[in-house]
Amino acid sequence: MKIFVINMEGATDRWSHYKDKKYNRWLATDARDMHPEDHKIKRMVSYHNINPNEHRGKIGCLTSHLNIWRYMVSNKINDILILEDDANPVRDLPGSGELPDDGVTYFGGITWHPKITDGQKKVNFNSGINKINFNDYRVLMTMSYYIPRWEIAKEMLDYIESRPRWRAIDILMKEIPIPFYVWAPAVYVERPVQSQIRGKKNKFSNEDYEWVKK
């Protein structure tokens, strides 16, 4: 399993947590200096009163993930784990043979009601792999997820690139027509650091896929 950690060029403090050579740094896309007329600014959907830097942060986050998927597809690379640089390991990874090969498996995040405005939802998982029932709940955050085959990455990439409008990547992921799974308990929890997208944040994911104050 090859592991990529998405990390901003200047965020060396965050990258310093990944000293093990199994982690590979993937430079994040910084959208703060985008041209005001860049089509991605209008393509991304946000609330009308969102801070412009947060709006651009969503674009940069989505673009960073898309670029890794594109790299997988272009080079026909399988067995990839994608992390954001606030992912903190709390247990060993399962072996690739323990994971489904027909879709994406989350190794961390938070469970939420299907309707976003209904808030977080507690889900009691079996130990190991659990297939997500999107009628019951969804998983938010793209802090830690596994793509088994480059063909899966291509399906994901083609779907999102075909969308006329974009939303935050964790919202879009649910719409991709492939199976999604959760590995429980979570392998990665969220390190309680300041978000690079949202200015105010005091809740973080735990190993039970809950959002808790720290």
# chains A, B, ... in the order shown; residues from 1 in each chain; ligands from 1

call {"tool": "closest_atom_pairs", "arguments": {"of": "region 19-119 of chain A", "to": "region 124-148 of chain A", "cutoff": "6 Å", "atoms": "only C-alpha atoms", "output": "Markdown table"}}
result
| residue | atom | partner | partner_atom | distance |
| --- | --- | --- | --- | --- |
| A:Asn78 | CA | A:Pro148 | CA | 5.6 |
| A:Asp79 | CA | A:Pro148 | CA | 4.4 |
| A:Ile80 | CA | A:Ile147 | CA | 5.3 |
| A:Leu81 | CA | A:Tyr146 | CA | 4.4 |
| A:Ile82 | CA | A:Tyr145 | CA | 5.6 |
| A:Leu83 | CA | A:Ser144 | CA | 4.6 |
| A:Glu84 | CA | A:Met143 | CA | 4.8 |
| A:Ala87 | CA | A:Met143 | CA | 5.9 |
| A:Asp101 | CA | A:Pro148 | CA | 5.3 |
| A:Val104 | CA | A:Ile147 | CA | 5.2 |
| A:Thr105 | CA | A:Tyr146 | CA | 5.1 |
| A:Tyr106 | CA | A:Tyr145 | CA | 4.2 |
| A:Phe107 | CA | A:Ser144 | CA | 5.3 |
| A:Gly108 | CA | A:Ser144 | CA | 5.4 |
| A:Gly109 | CA | A:Met141 | CA | 5.2 |
| A:Ile110 | CA | A:Leu140 | CA | 5.3 |
| A:Thr111 | CA | A:Val139 | CA | 4.6 |
| A:Trp112 | CA | A:Arg138 | CA | 5.3 |
| A:His113 | CA | A:Tyr137 | CA | 4.8 |
| A:Pro114 | CA | A:Tyr137 | CA | 5.0 |

call {"tool": "closest_atom_pairs", "arguments": {"of": "region 40-99 of chain A", "to": "region 156-179 of chain A", "cutoff": "8 Å", "atoms": "only C-alpha atoms", "output": "Markdown table"}}
result
| residue | atom | partner | partner_atom | distance |
| --- | --- | --- | --- | --- |
| A:Arg43 | CA | A:Arg165 | CA | 4.8 |
| A:Met44 | CA | A:Trp166 | CA | 4.5 |
| A:Val45 | CA | A:Arg167 | CA | 5.2 |
| A:Ser46 | CA | A:Arg167 | CA | 7.2 |
| A:Lys58 | CA | A:Ala168 | CA | 5.7 |
| A:Ile59 | CA | A:Ala168 | CA | 7.6 |
| A:Cys61 | CA | A:Ile169 | CA | 7.4 |
| A:Leu62 | CA | A:Ile169 | CA | 5.3 |
| A:Leu66 | CA | A:Leu157 | CA | 6.5 |
| A:Trp69 | CA | A:Leu157 | CA | 6.5 |
| A:Arg70 | CA | A:Leu157 | CA | 7.0 |

call {"tool": "write_last_selection", "arguments": {"atoms": "N, CA and C atoms", "output": "mmCIF file, in the first residue's frame"}}
result
data_model
loop_
_atom_site.group_PDB
_atom_site.id
_atom_site.type_symbol
_atom_site.label_atom_id
_atom_site.label_comp_id
_atom_site.auth_asym_id
_atom_site.auth_seq_id
_atom_site.Cartn_x
_atom_site.Cartn_y
_atom_site.Cartn_z
ATOM 1 N N ARG A 43 -17.598 27.608 -10.363
ATOM 2 C CA ARG A 43 -18.041 26.210 -10.445
ATOM 3 C C ARG A 43 -18.305 25.627 -9.054
ATOM 4 N N MET A 44 -17.540 26.071 -8.058
ATOM 5 C CA MET A 44 -17.718 25.588 -6.687
ATOM 6 C C MET A 44 -18.920 26.276 -6.039
ATOM 7 N N VAL A 45 -19.823 25.488 -5.468
ATOM 8 C CA VAL A 45 -21.013 26.009 -4.799
ATOM 9 C C VAL A 45 -20.723 26.203 -3.314
ATOM 10 N N SER A 46 -21.028 27.392 -2.801
ATOM 11 C CA SER A 46 -20.908 27.686 -1.368
ATOM 12 C C SER A 46 -22.060 28.588 -0.963
ATOM 13 N N LYS A 58 -11.881 25.275 -0.324
ATOM 14 C CA LYS A 58 -12.628 24.110 -0.795
ATOM 15 C C LYS A 58 -12.183 23.716 -2.195
ATOM 16 N N ILE A 59 -11.921 24.702 -3.023
ATOM 17 C CA ILE A 59 -11.442 24.426 -4.384
ATOM 18 C C ILE A 59 -10.069 23.779 -4.351
ATOM 19 N N CYS A 61 -8.704 22.075 -1.905
ATOM 20 C CA CYS A 61 -8.812 20.729 -1.340
ATOM 21 C C CYS A 61 -9.300 19.747 -2.398
ATOM 22 N N LEU A 62 -10.371 20.092 -3.089
ATOM 23 C CA LEU A 62 -10.900 19.218 -4.129
ATOM 24 C C LEU A 62 -9.862 18.978 -5.220
ATOM 25 N N LEU A 66 -8.268 15.429 -6.601
ATOM 26 C CA LEU A 66 -8.424 15.064 -8.013
ATOM 27 C C LEU A 66 -7.075 14.800 -8.673
ATOM 28 N N TRP A 69 -5.918 11.319 -7.841
ATOM 29 C CA TRP A 69 -6.673 10.338 -8.633
ATOM 30 C C TRP A 69 -6.165 10.313 -10.073
ATOM 31 N N ARG A 70 -5.913 11.499 -10.614
ATOM 32 C CA ARG A 70 -5.420 11.595 -11.998
ATOM 33 C C ARG A 70 -4.053 10.927 -12.132
#

call {"tool": "select_by_dssp", "arguments": {"residues": "region 61-194 of chain A", "states": "helix (DSSP H, G or I)", "output": "VMD selection string"}}
result
chain A and resid 61 to 75 96 to 98 116 to 118 150 to 162 169 to 173

call {"tool": "closest_residue", "arguments": {"among": "A:Tyr71, A:Ala186, A:Pro192, A:Trp211", "to": "Ala153 (chain A)", "atoms": "only C-alpha atoms"}}
result
A:Tyr71

call {"tool": "select_by_dssp", "arguments": {"residues": "chain A", "states": "strand (DSSP E or B)", "output": "PyMOL selection string"}}
result
chain A and resi 2-7+23-27+44+80-84+87-89+104-106+110-112+120+128-131+138-140+144-147+166+180-184+188-190+203-205+211-213

call {"tool": "closest_residue", "arguments": {"among": "A:Asp86, A:Gln120, A:Ser96, A:Tyr209", "to": "Asp13 (chain A)", "atoms": "only C-alpha atoms"}}
result
A:Asp86

call {"tool": "residues_around", "arguments": {"residues": "Asp208 (chain A)", "least_positions_apart": "2", "cutoff": "8 Å", "atoms": "only C-alpha atoms", "output": "number ranges by chain"}}
result
A: 184-186, 205-206, 210

call {"tool": "closest_residue", "arguments": {"among": "A:Asp33, A:Gly103, A:Pro89, A:Val123", "to": "Asp20 (chain A)", "atoms": "only C-alpha atoms"}}
result
A:Pro89

call {"tool": "atom_distance", "arguments": {"atom1": "CA of Tyr181 (chain A)", "atom2": "CA of Pro100 (chain A)"}}
result
8.1 Å

call {"tool": "residues_around", "arguments": {"residues": "region 27-29 of chain A", "least_positions_apart": "2", "cutoff": "6 Å", "atoms": "only C-alpha atoms", "output": "number ranges by chain"}}
result
A: 6-9, 60, 64

call {"tool": "write_last_selection", "arguments": {"atoms": "N, CA and C atoms", "output": "short mmCIF file (atom, residue, chain, number, x, y, z; two decimals), in the first residue's frame"}}
result
data_model
loop_
_atom_site.label_atom_id
_atom_site.label_comp_id
_atom_site.auth_asym_id
_atom_site.auth_seq_id
_atom_site.Cartn_x
_atom_site.Cartn_y
_atom_site.Cartn_z
N ILE A 6 -1.48 14.71 1.71
CA ILE A 6 -1.67 16.01 1.07
C ILE A 6 -1.23 17.09 2.05
N ASN A 7 -0.28 17.91 1.61
CA ASN A 7 0.34 18.88 2.52
C ASN A 7 0.72 20.14 1.74
N MET A 8 0.35 21.30 2.28
CA MET A 8 0.68 22.57 1.65
C MET A 8 2.19 22.79 1.67
N GLU A 9 2.70 23.48 0.68
CA GLU A 9 4.14 23.66 0.53
C GLU A 9 4.77 24.28 1.77
N GLY A 60 -9.18 24.33 -3.52
CA GLY A 60 -7.84 23.77 -3.41
C GLY A 60 -7.85 22.35 -2.90
N SER A 64 -6.63 19.11 -5.07
CA SER A 64 -5.53 18.28 -4.58
C SER A 64 -5.88 16.79 -4.67
#

call {"tool": "atom_distance", "arguments": {"atom1": "CA of Val90 (chain A)", "atom2": "CA of Tyr188 (chain A)"}}
result
5.7 Å

call {"tool": "atom_distance", "arguments": {"atom1": "CA of Glu190 (chain A)", "atom2": "CA of Lys203 (chain A)"}}
result
9.2 Å

call {"tool": "residues_around", "arguments": {"residues": "Tyr18 (chain A)", "least_positions_apart": "6", "cutoff": "9 Å", "atoms": "only C-alpha atoms", "output": "tab-separated table (two decimals) with C-alpha atoms, in the first residue's frame"}}
result
chain	number	residue	atom	x	y	z
A	5	VAL	CA	-0.19	12.80	2.51
A	24	ASN	CA	4.86	10.23	0.59
A	25	ARG	CA	4.29	13.96	0.48
A	85	ASP	CA	-2.03	16.20	6.89

call {"tool": "decode", "arguments": {"residues": "region 89-134 of chain A", "atoms": "N, CA and C atoms", "output": "PDB file, in the first residue's frame"}}
result
ATOM      1  N   PRO A  89      -2.472   8.565  13.107  1.00  0.00           N
ATOM      2  CA  PRO A  89      -2.713   7.128  13.220  1.00  0.00           C
ATOM      3  C   PRO A  89      -2.896   6.686  14.674  1.00  0.00           C
ATOM      4  N   VAL A  90      -3.906   5.837  14.903  1.00  0.00           N
ATOM      5  CA  VAL A  90      -4.152   5.322  16.254  1.00  0.00           C
ATOM      6  C   VAL A  90      -4.113   3.793  16.307  1.00  0.00           C
ATOM      7  N   ARG A  91      -3.989   3.144  15.147  1.00  0.00           N
ATOM      8  CA  ARG A  91      -3.849   1.684  15.098  1.00  0.00           C
ATOM      9  C   ARG A  91      -3.275   1.295  13.742  1.00  0.00           C
ATOM     10  N   ASP A  92      -2.885   0.041  13.636  1.00  0.00           N
ATOM     11  CA  ASP A  92      -2.281  -0.441  12.398  1.00  0.00           C
ATOM     12  C   ASP A  92      -3.303  -0.511  11.264  1.00  0.00           C
ATOM     13  N   LEU A  93      -2.803  -0.348  10.052  1.00  0.00           N
ATOM     14  CA  LEU A  93      -3.644  -0.477   8.874  1.00  0.00           C
ATOM     15  C   LEU A  93      -3.992  -1.944   8.630  1.00  0.00           C
ATOM     16  N   PRO A  94      -5.191  -2.209   8.117  1.00  0.00           N
ATOM     17  CA  PRO A  94      -5.488  -3.575   7.691  1.00  0.00           C
ATOM     18  C   PRO A  94      -4.694  -3.907   6.432  1.00  0.00           C
ATOM     19  N   GLY A  95      -4.545  -5.169   6.144  1.00  0.00           N
ATOM     20  CA  GLY A  95      -3.894  -5.563   4.909  1.00  0.00           C
ATOM     21  C   GLY A  95      -4.808  -5.348   3.724  1.00  0.00           C
ATOM     22  N   SER A  96      -4.220  -5.151   2.545  1.00  0.00           N
ATOM     23  CA  SER A  96      -5.021  -4.908   1.342  1.00  0.00           C
ATOM     24  C   SER A  96      -5.997  -6.051   1.092  1.00  0.00           C
ATOM     25  N   GLY A  97      -5.602  -7.274   1.445  1.00  0.00           N
ATOM     26  CA  GLY A  97      -6.474  -8.426   1.234  1.00  0.00           C
ATOM     27  C   GLY A  97      -7.713  -8.421   2.098  1.00  0.00           C
ATOM     28  N   GLU A  98      -7.741  -7.583   3.131  1.00  0.00           N
ATOM     29  CA  GLU A  98      -8.906  -7.487   4.016  1.00  0.00           C
ATOM     30  C   GLU A  98      -9.921  -6.464   3.527  1.00  0.00           C
ATOM     31  N   LEU A  99      -9.611  -5.769   2.434  1.00  0.00           N
ATOM     32  CA  LEU A  99     -10.414  -4.637   1.989  1.00  0.00           C
ATOM     33  C   LEU A  99     -11.107  -4.933   0.661  1.00  0.00           C
ATOM     34  N   PRO A 100     -12.324  -4.414   0.462  1.00  0.00           N
ATOM     35  CA  PRO A 100     -13.015  -4.601  -0.814  1.00  0.00           C
ATOM     36  C   PRO A 100     -12.234  -3.949  -1.961  1.00  0.00           C
ATOM     37  N   ASP A 101     -12.334  -4.538  -3.151  1.00  0.00           N
ATOM     38  CA  ASP A 101     -11.617  -3.970  -4.295  1.00  0.00           C
ATOM     39  C   ASP A 101     -12.556  -3.312  -5.305  1.00  0.00           C
ATOM     40  N   ASP A 102     -13.842  -3.133  -4.912  1.00  0.00           N
ATOM     41  CA  ASP A 102     -14.806  -2.557  -5.851  1.00  0.00           C
ATOM     42  C   ASP A 102     -15.204  -1.132  -5.494  1.00  0.00           C
ATOM     43  N   GLY A 103     -14.583  -0.563  -4.468  1.00  0.00           N
ATOM     44  CA  GLY A 103     -14.954   0.788  -4.084  1.00  0.00           C
ATOM     45  C   GLY A 103     -13.968   1.377  -3.090  1.00  0.00           C
ATOM     46  N   VAL A 104     -14.364   2.476  -2.476  1.00  0.00           N
ATOM     47  CA  VAL A 104     -13.516   3.243  -1.562  1.00  0.00           C
ATOM     48  C   VAL A 104     -13.798   2.842  -0.123  1.00  0.00           C
ATOM     49  N   THR A 105     -12.737   2.749   0.689  1.00  0.00           N
ATOM     50  CA  THR A 105     -12.885   2.470   2.122  1.00  0.00           C
ATOM     51  C   THR A 105     -12.350   3.634   2.934  1.00  0.00           C
ATOM     52  N   TYR A 106     -13.197   4.171   3.811  1.00  0.00           N
ATOM     53  CA  TYR A 106     -12.767   5.224   4.734  1.00  0.00           C
ATOM     54  C   TYR A 106     -12.040   4.589   5.918  1.00  0.00           C
ATOM     55  N   PHE A 107     -10.922   5.209   6.311  1.00  0.00           N
ATOM     56  CA  PHE A 107     -10.187   4.813   7.511  1.00  0.00           C
ATOM     57  C   PHE A 107     -10.327   5.851   8.614  1.00  0.00           C
ATOM     58  N   GLY A 108     -11.160   6.848   8.409  1.00  0.00           N
ATOM     59  CA  GLY A 108     -11.393   7.892   9.397  1.00  0.00           C
ATOM     60  C   GLY A 108     -12.411   8.875   8.859  1.00  0.00           C
ATOM     61  N   GLY A 109     -12.948   9.705   9.741  1.00  0.00           N
ATOM     62  CA  GLY A 109     -13.945  10.690   9.337  1.00  0.00           C
ATOM     63  C   GLY A 109     -15.030  10.791  10.391  1.00  0.00           C
ATOM     64  N   ILE A 110     -16.187  11.320   9.991  1.00  0.00           N
ATOM     65  CA  ILE A 110     -17.325  11.456  10.896  1.00  0.00           C
ATOM     66  C   ILE A 110     -18.595  11.003  10.171  1.00  0.00           C
ATOM     67  N   THR A 111     -19.487  10.348  10.911  1.00  0.00           N
ATOM     68  CA  THR A 111     -20.756   9.907  10.337  1.00  0.00           C
ATOM     69  C   THR A 111     -21.807  10.992  10.526  1.00  0.00           C
ATOM     70  N   TRP A 112     -22.667  11.121   9.527  1.00  0.00           N
ATOM     71  CA  TRP A 112     -23.590  12.244   9.435  1.00  0.00           C
ATOM     72  C   TRP A 112     -24.916  11.766   8.862  1.00  0.00           C
ATOM     73  N   HIS A 113     -25.973  12.481   9.186  1.00  0.00           N
ATOM     74  CA  HIS A 113     -27.265  12.181   8.576  1.00  0.00           C
ATOM     75  C   HIS A 113     -27.195  12.379   7.058  1.00  0.00           C
ATOM     76  N   PRO A 114     -27.996  11.614   6.305  1.00  0.00           N
ATOM     77  CA  PRO A 114     -28.005  11.820   4.849  1.00  0.00           C
ATOM     78  C   PRO A 114     -28.305  13.266   4.460  1.00  0.00           C
ATOM     79  N   LYS A 115     -29.218  13.906   5.204  1.00  0.00           N
ATOM     80  CA  LYS A 115     -29.497  15.317   4.998  1.00  0.00           C
ATOM     81  C   LYS A 115     -28.521  16.127   5.849  1.00  0.00           C
ATOM     82  N   ILE A 116     -27.676  16.903   5.194  1.00  0.00           N
ATOM     83  CA  ILE A 116     -26.579  17.591   5.876  1.00  0.00           C
ATOM     84  C   ILE A 116     -27.058  18.431   7.051  1.00  0.00           C
ATOM     85  N   THR A 117     -28.172  19.112   6.890  1.00  0.00           N
ATOM     86  CA  THR A 117     -28.634  20.028   7.940  1.00  0.00           C
ATOM     87  C   THR A 117     -29.125  19.301   9.185  1.00  0.00           C
ATOM     88  N   ASP A 118     -29.281  17.966   9.120  1.00  0.00           N
ATOM     89  CA  ASP A 118     -29.709  17.205  10.297  1.00  0.00           C
ATOM     90  C   ASP A 118     -28.550  16.890  11.245  1.00  0.00           C
ATOM     91  N   GLY A 119     -27.333  17.153  10.824  1.00  0.00           N
ATOM     92  CA  GLY A 119     -26.194  17.033  11.725  1.00  0.00           C
ATOM     93  C   GLY A 119     -25.599  15.637  11.797  1.00  0.00           C
ATOM     94  N   GLN A 120     -24.705  15.468  12.769  1.00  0.00           N
ATOM     95  CA  GLN A 120     -23.996  14.195  12.885  1.00  0.00           C
ATOM     96  C   GLN A 120     -24.916  13.102  13.395  1.00  0.00           C
ATOM     97  N   LYS A 121     -24.544  11.858  13.068  1.00  0.00           N
ATOM     98  CA  LYS A 121     -25.345  10.708  13.458  1.00  0.00           C
ATOM     99  C   LYS A 121     -24.428   9.610  13.980  1.00  0.00           C
ATOM    100  N   LYS A 122     -24.745   9.074  15.141  1.00  0.00           N
ATOM    101  CA  LYS A 122     -23.977   7.977  15.720  1.00  0.00           C
ATOM    102  C   LYS A 122     -24.331   6.684  14.989  1.00  0.00           C
ATOM    103  N   VAL A 123     -23.308   5.966  14.534  1.00  0.00           N
ATOM    104  CA  VAL A 123     -23.500   4.683  13.856  1.00  0.00           C
ATOM    105  C   VAL A 123     -22.702   3.624  14.611  1.00  0.00           C
ATOM    106  N   ASN A 124     -23.338   2.506  14.908  1.00  0.00           N
ATOM    107  CA  ASN A 124     -22.662   1.405  15.583  1.00  0.00           C
ATOM    108  C   ASN A 124     -22.129   0.428  14.540  1.00  0.00           C
ATOM    109  N   PHE A 125     -20.811   0.439  14.361  1.00  0.00           N
ATOM    110  CA  PHE A 125     -20.186  -0.385  13.342  1.00  0.00           C
ATOM    111  C   PHE A 125     -19.758  -1.733  13.900  1.00  0.00           C
ATOM    112  N   ASN A 126     -19.751  -2.732  13.018  1.00  0.00           N
ATOM    113  CA  ASN A 126     -19.068  -3.973  13.328  1.00  0.00           C
ATOM    114  C   ASN A 126     -17.565  -3.743  13.202  1.00  0.00           C
ATOM    115  N   SER A 127     -16.787  -4.520  13.913  1.00  0.00           N
ATOM    116  CA  SER A 127     -15.339  -4.408  13.799  1.00  0.00           C
ATOM    117  C   SER A 127     -14.909  -4.874  12.413  1.00  0.00           C
ATOM    118  N   GLY A 128     -14.088  -4.074  11.760  1.00  0.00           N
ATOM    119  CA  GLY A 128     -13.638  -4.402  10.416  1.00  0.00           C
ATOM    120  C   GLY A 128     -14.407  -3.631   9.364  1.00  0.00           C
ATOM    121  N   ILE A 129     -14.739  -4.290   8.259  1.00  0.00           N
ATOM    122  CA  ILE A 129     -15.328  -3.591   7.119  1.00  0.00           C
ATOM    123  C   ILE A 129     -16.845  -3.488   7.253  1.00  0.00           C
ATOM    124  N   ASN A 130     -17.386  -2.317   6.881  1.00  0.00           N
ATOM    125  CA  ASN A 130     -18.818  -2.049   6.909  1.00  0.00           C
ATOM    126  C   ASN A 130     -19.186  -1.308   5.629  1.00  0.00           C
ATOM    127  N   LYS A 131     -20.145  -1.824   4.889  1.00  0.00           N
ATOM    128  CA  LYS A 131     -20.594  -1.122   3.685  1.00  0.00           C
ATOM    129  C   LYS A 131     -21.545   0.000   4.079  1.00  0.00           C
ATOM    130  N   ILE A 132     -21.337   1.172   3.506  1.00  0.00           N
ATOM    131  CA  ILE A 132     -22.157   2.337   3.851  1.00  0.00           C
ATOM    132  C   ILE A 132     -23.526   2.232   3.187  1.00  0.00           C
ATOM    133  N   ASN A 133     -24.555   2.427   3.970  1.00  0.00           N
ATOM    134  CA  ASN A 133     -25.926   2.555   3.469  1.00  0.00           C
ATOM    135  C   ASN A 133     -26.251   4.044   3.449  1.00  0.00           C
ATOM    136  N   PHE A 134     -26.224   4.642   2.273  1.00  0.00           N
ATOM    137  CA  PHE A 134     -26.384   6.086   2.185  1.00  0.00           C
ATOM    138  C   PHE A 134     -27.802   6.553   2.508  1.00  0.00           C
TER     139      PHE A 134
END
